[in-house]
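Participant: A single structure is presented below for examination.
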Amino acid sequence: MLEQLQISLKDALEKLQLPSDNIKIIKSNRPDLCDYQYDGAFKLAKLMHKNPLEIGESITEELKQGPYKEYYQNISCIAPGFVNLTLSNKFIIDQIKLMITKPKYNITMPKKETIVIDYGGANVAKPLHVGHLRPAIVGESIKRILKYMNQSVISDVHLGDYGLQMGQVIKGLLEQNIAISNIDIKLLDNLYPLMSSRCKIDEELKKECSMITKELQDGNELYQKYFQKILEVSKKDIKRIYDYLNVSFDLWNGESDSYKYIPSLTNELLANNLLKESNHAMVIDVSKDDDKLQIPPLIYQASNKAYLYGTTDLATIFARQQNYHPNKILYVVDMRQNLHFTQVFRASQKLPSTKNIELEFLGFGTINGEDKKPFKTRSGNTPKLDALFKEAKEIFIKQKEENKNLSDQDLDKIVNAIIKFADLINQKEKDYIFDLLKFSLVNGKTGPYILYTYLRVKKIIPNITQTVDNLKENIYNEQDRDIYIKLLDLDNIMQNAFLGRSPSSIANYLYELCVLLNAFYEKNHMNNLEDKEKKVNWSHLLNLATNIIETLLDLLDIQIPSKM
RNA sequence: GUUCUAGUAGCUCAGUUGGAUAGAGCGUUGGCCUCCGAAGCCAAAGGUCAUGGGUUCAACUCCCUUCUAGAACACCA
């Protein structure tokens, strides 16, 4: 839609013999004056050594007489040189017709690419807690946005399954003489924190665990048996949580799956003279001359010959190249891993077979408590996800008497909406404060508010009996006009969400659209509408708006309950 | 210590390549149900955009100072 406005402006600029490349039209920040604005007159004025008001006025005049004049109801230039554009009813309704009839609301689709997206990243043998919420929610949403925008997407959970924690847990199991068949999730949940804290104070124990990890990697049969069982038990639990969140993956690979690629990766590294020894470890130098901060080398093989996470991450890129030939690989991971991925990415770019893959680090912020430190329960523990879901459900039920009658299915969808919307409304890069009470409210920028609005509006849409050809070029008041203008902005929002890998722009748009729909609901009545033309127009308008809400909620991986 | 990120209303946050009067939500105050869901809507109050300088016709936005907070900084992931 913006493109058409740009074309109209380009035409005017060309006729005035002014430079007409890179035309920027933005949504007005003075909605009382106009829908869109063009601020280029200032730069043109400087370039041409003229008065900006003069330039602005000549553009305005040209637009008013040009071939695209019917796009606009009003074009004006206001001192010191802003060009204000107000869309005509005809243009608005024409665009709306296209949104209704063309696939995917006539959104412009980018070039198709093969993209691997790596998110989730749960660690095997470590209990899932609130910290695992973001990579799952943000990653799933970005995946859905990419798919919607026509990309060929492969999602991989990339489990952390071959690191030191495996050695620690196996050591603990051996110490306590636990039979492989007796390993269950409860045991693992308790064992990992115990071993981890013991290793922090006991150097000898840590060394031992590290050796077990190394031998596991080398194929020690007993350790492999333990590993397989731990993987099985842990995966089952991780899957259960992801199922509840409706998060799914094409690949359930882990660090261990990259292991078989290490020999050929090593060969390529050696052939290109990229590996060197440093303090008995094998490292890849990734520093650059203009680094402000010294970037340490990527440790490829530790001095005890064990492979570390940099190795498996590099081997995973290598493996993905061989199996899927991706154009891009996206990593939805904790912001704090920034340096690590800088090292891995640089190493990958030195490698002939992977250097052409574009690697994107999509770091997300921490979920904090009210004290702005990583979220903990009152007793000081990191809360488990099961408990969190249960709490959200209870808080929501308490808000209204009738909520007790909601089905479990609907309640689970609402819990998902509460948690996901609260997360996704924030920019993924930033930390946010976890406050279930606030997230569960039905007013404000919350999931329940969106769901409520949707269900409320959905009920007043009459059956649509007339096609879009019967839409009149008529806009009736401020409320329906506001909604039309908001809907026309969808394309722009989707481009931002896609290019910026930014679910938050969709979440914010959803909220703004819902506010407008509630205002419409309040001031207009769909029942007993005398004016038949108005009824047709509004039916289509509300139908389009609710369809868009459905689509966008799906992109945020939020499902709609049957009632609430 | 070095590097990076952040500091906007009482609280939580938008403000994406510099544009007009810095916007929302929560909270506070006051209004609106004999018509489709009041879990809603409308309105008001609330700001030295951390600080001091600079660049520009124009700075919350770009550059530099200082202060404050958080994060990362070679064998854990």
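In the structure tokens, the first chain shown is A, the next is B, and so on; residue numbers restart at 1 for each chain, and ligands run from 1 in the order shown.
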For chain A, work out the contacting residues on chain B at 9 Å, counting only C-alpha atoms (C1' of nucleotides), and write them as number ranges by chain.
Facilitator: B: 2-3, 6, 12-14, 16, 19-21, 24-26, 35-37, 39-41, 57, 71-77
Participant: Would you work out the distance separating CA of Val415 (chain A) from CA of Asp554 (chain A), expressed in Å to one decimal?
Facilitator: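 So the two atoms, CA of Val415 (chain A) and CA of Asp554 (chain A), lie 15.1 Å apart.
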Participant: Taking the backbone alone, and naming residues the way the document does, which bits of region 329-410 of chain A are helix (DSSP H, G or I) by DSSP, as a short mmCIF file (atom, residue, chain, number, x, y, z; two decimals) with N, CA and C atoms, in the first residue's frame?
Facilitator:
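Generated output (part.cif):
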data_model
loop_
_atom_site.label_atom_id
_atom_site.label_comp_id
_atom_site.auth_asym_id
_atom_site.auth_seq_id
_atom_site.Cartn_x
_atom_site.Cartn_y
_atom_site.Cartn_z
N MET A 335 20.89 -13.70 25.16
CA MET A 335 21.77 -12.58 24.84
C MET A 335 23.18 -12.77 25.40
N ARG A 336 23.27 -13.42 26.52
CA ARG A 336 24.57 -13.54 27.19
C ARG A 336 25.53 -14.45 26.43
N GLN A 337 25.01 -15.13 25.42
CA GLN A 337 25.89 -15.99 24.63
C GLN A 337 26.45 -15.27 23.42
N ASN A 338 26.30 -13.97 23.42
CA ASN A 338 26.73 -13.16 22.29
C ASN A 338 28.18 -13.43 21.87
N LEU A 339 29.07 -13.38 22.83
CA LEU A 339 30.49 -13.54 22.51
C LEU A 339 30.76 -14.93 21.95
N HIS A 340 30.14 -15.92 22.56
CA HIS A 340 30.33 -17.29 22.08
C HIS A 340 29.95 -17.40 20.61
N PHE A 341 28.80 -16.83 20.26
CA PHE A 341 28.36 -16.96 18.87
C PHE A 341 29.18 -16.09 17.92
N THR A 342 29.69 -14.99 18.43
CA THR A 342 30.63 -14.22 17.61
C THR A 342 31.81 -15.10 17.22
N GLN A 343 32.32 -15.86 18.17
CA GLN A 343 33.44 -16.75 17.90
C GLN A 343 33.06 -17.82 16.88
N VAL A 344 31.89 -18.45 17.13
CA VAL A 344 31.46 -19.54 16.24
C VAL A 344 31.22 -19.01 14.82
N PHE A 345 30.56 -17.86 14.72
CA PHE A 345 30.24 -17.29 13.41
C PHE A 345 31.51 -16.96 12.63
N ARG A 346 32.45 -16.36 13.34
CA ARG A 346 33.69 -16.00 12.66
C ARG A 346 34.44 -17.24 12.20
N ALA A 347 34.44 -18.26 13.03
CA ALA A 347 35.10 -19.52 12.65
C ALA A 347 34.42 -20.09 11.41
N SER A 348 33.08 -20.06 11.42
CA SER A 348 32.32 -20.61 10.30
C SER A 348 32.63 -19.85 9.01
N GLN A 349 32.85 -18.55 9.14
CA GLN A 349 33.09 -17.75 7.94
C GLN A 349 34.50 -17.97 7.37
N LYS A 350 35.36 -18.59 8.17
CA LYS A 350 36.71 -18.91 7.66
C LYS A 350 36.71 -20.23 6.92
N LEU A 385 8.13 -24.78 35.21
CA LEU A 385 7.09 -24.32 34.29
C LEU A 385 5.72 -24.87 34.64
N ASP A 386 5.66 -26.14 35.06
CA ASP A 386 4.37 -26.72 35.44
C ASP A 386 3.66 -25.87 36.49
N ALA A 387 4.43 -25.47 37.50
CA ALA A 387 3.87 -24.69 38.59
C ALA A 387 3.39 -23.34 38.10
N LEU A 388 4.14 -22.80 37.16
CA LEU A 388 3.81 -21.48 36.61
C LEU A 388 2.49 -21.53 35.83
N PHE A 389 2.31 -22.56 35.03
CA PHE A 389 1.08 -22.72 34.26
C PHE A 389 -0.11 -22.84 35.20
N LYS A 390 0.09 -23.62 36.24
CA LYS A 390 -0.98 -23.85 37.21
C LYS A 390 -1.36 -22.53 37.90
N GLU A 391 -0.35 -21.77 38.26
CA GLU A 391 -0.61 -20.50 38.95
C GLU A 391 -1.37 -19.54 38.04
N ALA A 392 -0.95 -19.46 36.78
CA ALA A 392 -1.63 -18.57 35.84
C ALA A 392 -3.10 -18.95 35.70
N LYS A 393 -3.34 -20.24 35.64
CA LYS A 393 -4.71 -20.73 35.51
C LYS A 393 -5.53 -20.31 36.73
N GLU A 394 -4.97 -20.50 37.90
CA GLU A 394 -5.70 -20.15 39.14
C GLU A 394 -6.00 -18.66 39.20
N ILE A 395 -5.01 -17.86 38.86
CA ILE A 395 -5.21 -16.41 38.90
C ILE A 395 -6.34 -16.01 37.96
N PHE A 396 -6.36 -16.61 36.79
CA PHE A 396 -7.39 -16.24 35.82
C PHE A 396 -8.78 -16.66 36.29
N ILE A 397 -8.88 -17.85 36.83
CA ILE A 397 -10.18 -18.35 37.29
C ILE A 397 -10.74 -17.45 38.40
N LYS A 398 -9.87 -16.99 39.26
CA LYS A 398 -10.30 -16.17 40.39
C LYS A 398 -10.92 -14.85 39.98
N GLU A 401 -16.48 -15.13 38.48
CA GLU A 401 -17.20 -16.32 38.94
C GLU A 401 -17.37 -17.36 37.82
N GLU A 402 -17.81 -16.87 36.63
CA GLU A 402 -18.12 -17.81 35.52
C GLU A 402 -16.89 -18.55 35.00
N ASN A 403 -15.72 -18.03 35.31
CA ASN A 403 -14.52 -18.67 34.78
C ASN A 403 -14.37 -20.11 35.26
N LYS A 404 -15.01 -20.42 36.37
CA LYS A 404 -14.95 -21.79 36.89
C LYS A 404 -15.57 -22.77 35.89
N ASN A 405 -16.50 -22.29 35.09
CA ASN A 405 -17.20 -23.18 34.17
C ASN A 405 -16.46 -23.41 32.85
N ASP A 408 -11.25 -27.22 30.47
CA ASP A 408 -9.79 -27.25 30.63
C ASP A 408 -9.09 -26.84 29.35
N GLN A 409 -9.68 -27.28 28.24
CA GLN A 409 -9.10 -26.93 26.94
C GLN A 409 -9.03 -25.43 26.74
N ASP A 410 -10.15 -24.75 27.02
CA ASP A 410 -10.18 -23.30 26.88
C ASP A 410 -9.22 -22.63 27.87
#
Participant: Quick one: everything within 12 Å of C62 (chain B), counting only C-alpha atoms (C1' of nucleotides), minus sequence neighbours fewer than 6 positions away in the same chain. Send it as a list in words.
Facilitator: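 Everything that qualifies: U17, G18, G54, U55 and U56 of chain B.
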